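Student: File data35.cif follows (mmCIF, C-alpha atoms):
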```cif
data_entry
loop_
_atom_site.label_atom_id
_atom_site.label_comp_id
_atom_site.auth_asym_id
_atom_site.auth_seq_id
_atom_site.Cartn_x
_atom_site.Cartn_y
_atom_site.Cartn_z
CA MET A 1 13.73 18.29 -31.89
CA SER A 2 12.98 20.58 -28.94
CA SER A 3 15.75 21.51 -26.49
CA GLU A 4 13.91 19.63 -23.75
CA ILE A 5 13.99 16.38 -25.70
CA ILE A 6 17.69 16.86 -26.51
CA LYS A 7 18.39 17.43 -22.81
CA ASP A 8 16.49 14.26 -21.90
CA THR A 9 18.35 12.27 -24.54
CA ILE A 10 21.71 13.46 -23.23
CA GLU A 11 20.73 12.78 -19.62
CA ALA A 12 19.35 9.38 -20.49
CA SER A 13 22.69 8.30 -21.91
CA LEU A 14 24.73 8.87 -18.76
CA GLU A 15 27.43 6.21 -18.68
CA PHE A 16 29.27 4.75 -15.70
CA SER A 17 32.92 3.78 -16.17
CA LYS A 18 34.05 0.28 -15.22
CA GLN A 19 35.97 1.73 -12.26
CA GLN A 20 32.93 3.70 -11.09
CA ILE A 21 30.83 0.55 -11.15
CA VAL A 22 33.45 -1.41 -9.18
CA ASN A 23 33.61 1.40 -6.59
CA PHE A 24 29.81 1.62 -6.37
CA VAL A 25 29.46 -2.11 -5.83
CA LYS A 26 32.13 -2.10 -3.11
CA LYS A 27 30.31 0.69 -1.26
CA PHE A 28 26.98 -1.05 -1.82
CA ARG A 29 28.26 -4.28 -0.30
CA ASP A 30 29.53 -2.28 2.68
CA ARG A 31 25.94 -0.97 3.02
CA LYS A 32 27.09 2.55 2.37
CA LEU A 33 25.27 3.08 -0.93
CA ALA A 34 21.91 2.36 -2.56
CA PHE A 35 20.75 2.69 -6.17
CA ILE A 36 17.41 4.30 -6.77
CA GLU A 37 15.40 5.28 -9.81
CA ASP A 38 13.00 8.09 -8.91
CA GLU A 39 13.89 10.02 -5.78
CA LYS A 40 10.24 10.99 -5.29
CA THR A 41 9.25 7.34 -4.81
CA ILE A 42 11.69 6.93 -1.93
CA GLU A 43 10.70 10.26 -0.40
CA LEU A 44 7.01 9.39 -0.43
CA ALA A 45 7.61 5.94 1.07
CA LYS A 46 9.85 7.45 3.78
CA GLU A 47 7.27 10.13 4.55
CA GLN A 48 4.63 7.45 5.06
CA TYR A 49 6.93 5.23 7.11
CA GLU A 50 7.93 8.10 9.43
CA SER A 51 4.37 9.44 9.87
CA GLY A 52 2.71 9.57 13.27
CA GLU A 53 -0.09 7.34 11.99
CA SER A 54 2.40 4.69 10.92
CA LYS A 55 4.15 4.86 14.30
CA PHE A 56 0.78 4.54 16.07
CA TYR A 57 -0.05 1.33 14.22
CA HIS A 58 3.46 -0.06 14.73
CA ARG A 59 2.76 0.27 18.43
CA TYR A 60 -0.66 -1.41 18.45
CA ILE A 61 -0.45 -3.99 15.66
CA HIS A 62 1.95 -6.88 16.18
CA ASP A 63 1.00 -9.12 13.27
CA LYS A 64 3.66 -8.49 10.58
CA LYS A 65 1.37 -9.13 7.61
CA LEU A 66 -1.34 -6.82 8.95
CA LEU A 67 1.19 -4.13 9.72
CA PHE A 68 2.51 -4.47 6.20
CA LEU A 69 -0.98 -4.05 4.72
CA VAL A 70 -1.64 -1.07 6.99
CA GLY A 71 1.57 0.50 5.64
CA MET A 72 0.36 -0.20 2.11
CA GLY A 73 -2.93 1.54 2.92
CA LEU A 74 -1.10 4.63 4.16
CA THR A 75 0.99 4.58 0.99
CA LEU A 76 -2.11 4.30 -1.20
CA ARG A 77 -3.50 7.37 0.54
CA LYS A 78 -0.35 9.28 -0.42
CA VAL A 79 -0.85 8.58 -4.12
CA GLU A 80 -4.64 8.80 -4.28
CA GLU A 81 -4.59 12.04 -6.29
CA ASN A 82 -2.78 10.22 -9.09
CA ALA A 83 -5.48 7.94 -10.54
CA GLU A 84 -3.16 5.95 -12.82
CA LYS A 85 -0.57 5.30 -10.14
CA ARG A 86 -3.25 4.48 -7.59
CA GLN A 87 -4.85 1.94 -9.91
CA ASN A 88 -1.49 0.38 -10.73
CA LEU A 89 -0.62 -0.03 -7.04
CA ARG A 90 -4.09 -1.37 -6.19
CA SER A 91 -3.66 -4.01 -8.90
CA LYS A 92 -0.31 -5.05 -7.44
CA LEU A 93 -1.87 -5.39 -3.98
CA PHE A 94 -4.86 -7.30 -5.31
CA ASN A 95 -2.70 -9.73 -7.31
CA LYS A 96 -0.53 -10.55 -4.32
CA TYR A 97 -2.87 -10.22 -1.33
CA LYS A 98 -6.25 -10.88 -2.96
CA VAL A 99 -9.39 -8.93 -2.21
CA GLU A 100 -9.05 -9.24 1.58
CA GLY A 101 -5.58 -7.69 1.54
CA LEU A 102 -6.75 -4.88 -0.71
CA HIS A 103 -9.71 -4.24 1.58
CA VAL A 104 -7.43 -3.98 4.64
CA ALA A 105 -5.32 -1.42 2.77
CA GLU A 106 -8.46 0.47 1.68
CA PHE A 107 -9.76 0.40 5.24
CA VAL A 108 -6.63 2.29 6.23
CA GLN A 109 -6.36 4.44 3.11
CA ASN A 110 -9.88 5.82 3.51
CA GLY A 111 -9.35 6.71 7.16
CA ILE A 112 -11.91 4.10 8.23
CA LEU A 113 -9.51 2.38 10.64
CA ASN A 114 -8.78 5.68 12.42
CA ARG A 115 -12.48 6.37 13.04
CA TYR A 116 -13.09 2.71 13.83
CA ASN A 117 -10.42 2.90 16.54
CA SER A 118 -11.88 6.01 18.08
CA ILE A 119 -15.23 4.22 18.41
CA LEU A 120 -13.41 1.18 19.84
CA LEU A 121 -11.72 3.37 22.45
CA GLU A 122 -15.14 4.03 23.96
CA LEU A 123 -15.73 0.29 24.28
CA VAL A 124 -12.44 -1.32 25.34
CA ASP A 125 -11.15 -1.52 28.88
CA SER A 126 -7.45 -2.07 28.25
CA ILE A 127 -4.70 -1.51 25.70
CA GLU A 128 -4.51 -5.29 25.23
CA ASP A 129 -8.20 -5.35 24.38
CA LEU A 130 -7.73 -2.50 21.90
CA GLU A 131 -4.82 -4.31 20.22
CA LYS A 132 -6.81 -7.53 20.06
CA GLN A 133 -9.83 -5.83 18.53
CA ILE A 134 -7.83 -3.88 15.93
CA GLU A 135 -6.11 -7.07 14.78
CA ASN A 136 -9.38 -8.97 14.83
CA VAL A 137 -11.17 -6.52 12.55
CA LEU A 138 -8.27 -6.44 10.09
CA LYS A 139 -7.88 -10.23 10.05
CA ASN A 140 -11.60 -10.63 9.43
CA ILE A 141 -12.19 -7.55 7.34
CA GLU A 142 -15.06 -9.11 5.33
CA LYS A 143 -17.04 -9.68 8.57
CA TYR A 144 -16.77 -6.03 9.57
CA SER A 145 -17.09 -4.13 6.34
CA LEU A 146 -18.64 -3.96 2.92
CA PHE A 147 -16.82 -2.19 0.11
CA VAL A 148 -19.40 -1.24 -2.49
CA GLN A 149 -18.32 -1.86 -6.08
CA GLY A 150 -19.40 -0.08 -9.24
CA ARG A 151 -21.72 -2.85 -10.39
CA ASP A 152 -23.55 -3.28 -7.04
CA ARG A 153 -27.23 -2.40 -6.74
CA ILE A 154 -28.84 -1.18 -3.56
CA GLY A 155 -30.94 -4.34 -3.05
CA GLU A 156 -27.81 -6.48 -3.21
CA ILE A 157 -25.94 -4.16 -0.83
CA ILE A 158 -28.76 -4.40 1.73
CA ARG A 159 -29.02 -8.18 1.34
CA ARG A 160 -25.28 -8.65 1.88
CA THR A 161 -25.29 -6.21 4.81
CA ILE A 162 -28.08 -8.16 6.55
CA ASN A 163 -26.33 -11.48 5.86
CA ILE A 164 -23.04 -10.31 7.34
CA THR A 165 -24.51 -8.56 10.39
CA ASP A 166 -26.90 -11.45 11.14
CA SER A 167 -24.11 -14.03 10.83
CA HIS A 168 -21.39 -12.23 12.78
CA SER A 169 -23.06 -9.47 14.84
CA PRO A 170 -20.09 -7.14 14.49
CA THR A 171 -19.97 -4.41 17.13
CA ILE A 172 -19.17 -1.94 14.39
CA PHE A 173 -20.01 -2.56 10.74
CA VAL A 174 -18.76 -0.28 7.98
CA ILE A 175 -20.12 0.26 4.48
CA SER A 176 -18.05 2.43 2.17
CA GLY A 177 -18.18 3.56 -1.41
CA GLU A 178 -16.36 5.95 -3.70
CA GLY A 179 -17.42 7.94 -6.75
CA SER A 180 -20.71 6.65 -8.14
CA CYS A 181 -20.87 4.12 -5.28
CA ALA A 182 -20.71 6.99 -2.78
CA LYS A 183 -23.69 8.60 -4.47
CA LEU A 184 -25.58 5.29 -4.45
CA LEU A 185 -24.96 4.93 -0.72
CA GLY A 186 -25.75 8.58 -0.02
CA ASP A 187 -29.06 8.32 -1.87
CA ASN A 188 -30.06 5.17 0.00
CA VAL A 189 -28.81 5.76 3.55
CA LYS A 190 -32.34 5.63 4.96
CA LYS A 191 -33.09 2.26 3.35
CA ILE A 192 -29.85 0.77 4.67
CA GLU A 193 -30.40 2.24 8.12
CA ASP A 194 -33.94 0.82 8.23
CA SER A 195 -32.57 -2.66 7.47
CA LEU A 196 -30.20 -2.53 10.46
CA LYS A 197 -32.56 -1.91 13.39
CA ARG A 198 -30.04 -3.08 16.00
CA TYR A 199 -27.48 -0.50 14.90
CA SER A 200 -27.12 3.25 15.14
CA LEU A 201 -25.59 5.12 12.24
CA GLU A 202 -22.68 7.51 12.04
CA LYS A 203 -21.97 8.87 8.58
CA ILE A 204 -18.84 10.41 7.11
CA SER A 205 -19.35 12.08 3.73
CA THR A 206 -16.73 13.72 1.56
CA SER A 207 -16.94 14.97 -2.02
CA ASN A 208 -16.05 11.55 -3.40
CA ARG A 209 -16.60 9.11 -0.55
CA GLU A 210 -19.43 7.90 1.64
CA ILE A 211 -18.64 5.88 4.76
CA LEU A 212 -21.39 4.50 6.96
CA PHE A 213 -20.45 3.28 10.44
CA PHE A 214 -23.16 1.15 12.04
CA LYS A 215 -22.65 0.71 15.79
CA LEU A 216 -24.41 -2.06 17.66
CA SER A 217 -26.83 -0.15 19.92
CA SER A 218 -26.90 -2.71 22.76
CA ILE A 219 -23.13 -2.53 23.19
CA LEU A 220 -22.98 1.25 23.07
CA ASN A 221 -25.76 1.62 25.63
CA ASN A 222 -24.06 -0.62 28.21
CA MET B 1 23.97 6.48 3.11
CA GLU B 2 25.04 7.58 -0.36
CA ILE B 3 22.25 7.44 -2.94
CA VAL B 4 22.97 6.98 -6.64
CA SER B 5 20.10 7.73 -9.01
CA LEU B 6 19.84 5.42 -12.00
CA LYS B 7 17.15 7.56 -13.59
CA ASN B 8 19.29 8.97 -16.40
CA VAL B 9 21.83 6.19 -16.59
CA SER B 10 22.15 4.28 -19.88
CA LEU B 11 20.76 0.78 -20.19
CA ASN B 12 24.26 -0.46 -20.95
CA SER B 13 25.66 0.93 -17.69
CA LYS B 14 22.76 -0.50 -15.72
CA ILE B 15 23.41 -3.93 -17.20
CA LEU B 16 27.14 -3.65 -16.40
CA LEU B 17 26.19 -2.76 -12.84
CA LEU B 18 23.90 -5.76 -12.60
CA LYS B 19 26.66 -8.03 -13.94
CA GLU B 20 29.11 -6.69 -11.38
CA LEU B 21 26.57 -7.66 -8.72
CA GLY B 22 26.26 -11.14 -10.23
CA TYR B 23 22.96 -10.58 -12.03
CA ASN B 24 22.20 -10.16 -15.72
CA SER B 25 19.58 -8.81 -18.10
CA ASP B 26 17.89 -9.79 -21.34
CA GLY B 27 17.83 -6.12 -22.25
CA GLU B 28 14.46 -5.55 -20.62
CA PHE B 29 14.23 -7.48 -17.37
CA VAL B 30 16.65 -8.19 -14.55
CA LEU B 31 17.72 -11.84 -14.55
CA ASP B 32 18.75 -13.65 -11.39
CA LYS B 33 21.91 -15.70 -10.95
CA LYS B 34 20.19 -18.69 -12.62
CA GLY B 35 19.06 -16.65 -15.62
CA ASN B 36 15.40 -16.42 -14.55
CA LYS B 37 13.48 -13.16 -14.50
CA LEU B 38 13.99 -11.65 -11.06
CA LEU B 39 10.71 -11.00 -9.26
CA ASP B 40 10.06 -8.07 -6.97
CA ARG B 41 10.44 -9.42 -3.41
CA TYR B 42 7.06 -8.07 -2.27
CA PHE B 43 4.76 -8.10 -5.29
CA ASP B 44 6.13 -10.89 -7.47
CA VAL B 45 6.32 -8.76 -10.61
CA PRO B 46 9.36 -9.10 -12.93
CA VAL B 47 11.72 -6.18 -12.36
CA ARG B 48 12.52 -4.07 -15.44
CA VAL B 49 16.05 -2.71 -15.77
CA GLU B 50 14.58 0.68 -16.61
CA ASN B 51 12.61 0.76 -13.35
CA MET B 52 14.76 -0.93 -10.73
CA VAL B 53 16.10 0.06 -7.36
CA ILE B 54 18.94 -1.85 -5.71
CA LEU B 55 18.89 -1.63 -1.94
CA PRO B 56 21.08 -2.98 0.86
CA GLY B 57 19.99 -6.14 2.64
CA SER B 58 21.28 -9.17 0.71
CA GLU B 59 21.24 -7.22 -2.59
CA ILE B 60 17.56 -6.47 -2.88
CA ILE B 61 16.48 -5.47 -6.37
CA LEU B 62 12.93 -4.13 -6.50
CA ASP B 63 10.52 -2.62 -8.94
CA ASP B 64 10.56 1.13 -8.36
CA ASN B 65 7.09 1.77 -6.98
CA GLU B 66 5.80 3.24 -3.73
CA LEU B 67 4.42 -0.03 -2.38
CA SER B 68 7.61 -2.02 -2.87
CA ILE B 69 9.72 0.71 -1.28
CA SER B 70 7.26 1.02 1.62
CA ALA B 71 7.34 -2.74 2.04
CA TYR B 72 11.14 -2.64 2.10
CA LEU B 73 11.05 0.04 4.81
CA GLU B 74 8.60 -2.09 6.81
CA GLU B 75 11.03 -5.01 6.63
CA PHE B 76 14.39 -3.27 7.03
CA GLY B 77 13.54 0.09 8.61
CA ASN B 78 14.68 3.44 7.24
CA VAL B 79 18.20 2.65 6.04
CA PHE B 80 18.45 5.79 3.91
#
```
Please lay out the structure from this file as structure tokens.
Tutor:
Amino acid sequence: MSSEIIKDTIEASLEFSKQQIVNFVKKFRDRKLAFIEDEKTIELAKEQYESGESKFYHRYIHDKKLLFLVGMGLTLRKVEENAEKRQNLRSKLFNKYKVEGLHVAEFVQNGILNRYNSILLELVDSIEDLEKQIENVLKNIEKYSLFVQGRDRIGEIIRRTINITDSHSPTIFVISGEGSCAKLLGDNVKKIEDSLKRYSLEKISTSNREILFFKLSSILNN
Amino acid sequence: MEIVSLKNVSLNSKILLLKELGYNSDGEFVLDKKGNKLLDRYFDVPVRVENMVILPGSEIILDDNELSISAYLEEFGNVF
């Protein structure tokens, strides 16, 4: 047995005495103590909660559920380098908040909401209007965005894009994809752009992500 | 606030702690006061004794993951 394993075994068998437990529980009930497992988990969550971005959204989003999902999106961004953890957390979000909830979190995680807001700022005429529009896009995420999945083909993506934009005429419509989906979008930007004549395109490309912002030309020109 | 890490604490001590708080365990999961598996407040997953956090606010026992802790902070603020 290596010394590392022995050390782990010893540490893993740390025992609390009965008196220690009684003292802990008394302090806990007085709200002076908390029990945690991995300190890093708390630190990461605190970092996210105290971030400027989180504070910004606390100021402009008043719907508790949306604010919660925005927080989850910021948290997902913090763990995105850890593929296993990221997948595990995405599954938890999907199981509880369904695909719409996951998409709201992804909208935030991928930085789409930040860019979306900066485009909105050019269009709104008051803080109230900005707040209303942010909440509206998050509450109706499927009318304002398309998250490309691994199995999607370009014809299907274009068909769904036309359906959504024709039905709802969103001022800003976002298509995003990661990994192989990013490549698919990147290779077919022209085709998608040609199918959305009423919109002008702004593209954000990173090594693993392609995000297409389509802005309704008539609104932007007014 | 004082923070006690349960990371290297024995299963037996964790179960004694849960019992002192009025909960129990089947050796794997946290059981509530009625003997049912306790579900994480935010994500409805059963909480494992080996991966639990116990936080102030009506004795909140959560699965130790970033989303649940973030959700707790959203609800109760930064109590740490």
Student: For the atom pair atom CA of A:Asn163 and atom CA of A:Glu193, what is the interatomic distance in Å to one decimal place?
Tutor: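 Computing it gives 14.5 Å between the two atoms.
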Student: Write out as a PyMOL selection string which residues come within 10 Å of B:Glu28 when counting all atoms listed in the file, dropping same-chain ones fewer than 4 positions away.
Tutor: chain B and resi 11+15+37+46-51
Student: So for stretch 20-36 of chain A, what box centre and size do we get, axis-aligned, 4 Å extra on each of the six sides, every listed atom, Å to one decimal, as lines of an AutoDock Vina configuration file?
Tutor:
```
center_x = 25.5
center_y = 0.0
center_z = -4.1
size_x = 24.2
size_y = 16.6
size_z = 22.2
```
Student: May I ask for the distance between atom CA of A:Ser195 and atom CA of A:Gln149, given in Å to one decimal place?
Tutor: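 Pair atom CA of A:Ser195 / atom CA of A:Gln149 returns 19.7 Å.
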Student: For the provided coordinates, the residues matched by the PyMOL selection byres ((chain B and resi 68-78) around 10) should be stated as number ranges by chain.
Tutor: A: 41-50, 58, 64, 67-69, 71-72, 74-75, 89, 92; B: 40-43, 53, 55-57, 60, 62-67, 79-80
Student: Just say which residues the PyMOL selection byres ((chain A) within 6 of (chain B)) picks in this file, as number ranges by chain.
Tutor: A: 11-16, 21, 31-37, 41, 45, 96
Student: Print the selection's residues with C-alpha atoms to a file, as a PDB file, keeping the file's coordinate frame.
Tutor:
```
ATOM      1  CA  GLU A  11      20.730  12.780 -19.620  1.00  0.00           C
ATOM      2  CA  ALA A  12      19.350   9.380 -20.490  1.00  0.00           C
ATOM      3  CA  SER A  13      22.690   8.300 -21.910  1.00  0.00           C
ATOM      4  CA  LEU A  14      24.730   8.870 -18.760  1.00  0.00           C
ATOM      5  CA  GLU A  15      27.430   6.210 -18.680  1.00  0.00           C
ATOM      6  CA  PHE A  16      29.270   4.750 -15.700  1.00  0.00           C
ATOM      7  CA  ILE A  21      30.830   0.550 -11.150  1.00  0.00           C
ATOM      8  CA  ARG A  31      25.940  -0.970   3.020  1.00  0.00           C
ATOM      9  CA  LYS A  32      27.090   2.550   2.370  1.00  0.00           C
ATOM     10  CA  LEU A  33      25.270   3.080  -0.930  1.00  0.00           C
ATOM     11  CA  ALA A  34      21.910   2.360  -2.560  1.00  0.00           C
ATOM     12  CA  PHE A  35      20.750   2.690  -6.170  1.00  0.00           C
ATOM     13  CA  ILE A  36      17.410   4.300  -6.770  1.00  0.00           C
ATOM     14  CA  GLU A  37      15.400   5.280  -9.810  1.00  0.00           C
ATOM     15  CA  THR A  41       9.250   7.340  -4.810  1.00  0.00           C
ATOM     16  CA  ALA A  45       7.610   5.940   1.070  1.00  0.00           C
ATOM     17  CA  LYS A  96      -0.530 -10.550  -4.320  1.00  0.00           C
TER      18      LYS A  96
END
```
Student: So the first atom is atom CA of A:Thr161 and the second is atom CA of A:Leu146; what is the distance between them in Å, to one decimal place?
Tutor: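 One can read the atom CA of A:Thr161 to atom CA of A:Leu146 distance as 7.3 Å.
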Student: Which residues match the PyMOL selection byres ((chain A and resi 164-176) around 9) in the file above, as a VMD selection string?
Tutor: chain A and resid 110 112 116 119 to 120 142 to 148 159 to 163 177 to 178 181 to 182 185 196 199 209 to 217 219 to 220
Student: Considering all atoms listed in the file, state which residue in the set A:Asp63, A:Glu122, A:Glu202, A:Glu53 is at the smallest distance from A:Arg77.
Tutor: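 With all atoms listed in the file as the atom set, the closest residue is A:Glu53.
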Student: Find the residues around B:Gly35 up to 8 Å (all atoms listed in the file counted), leave out those fewer than 3 positions away in its own chain, and share them as an MDAnalysis selection string.
Tutor: chainID B and resid 24 31:32
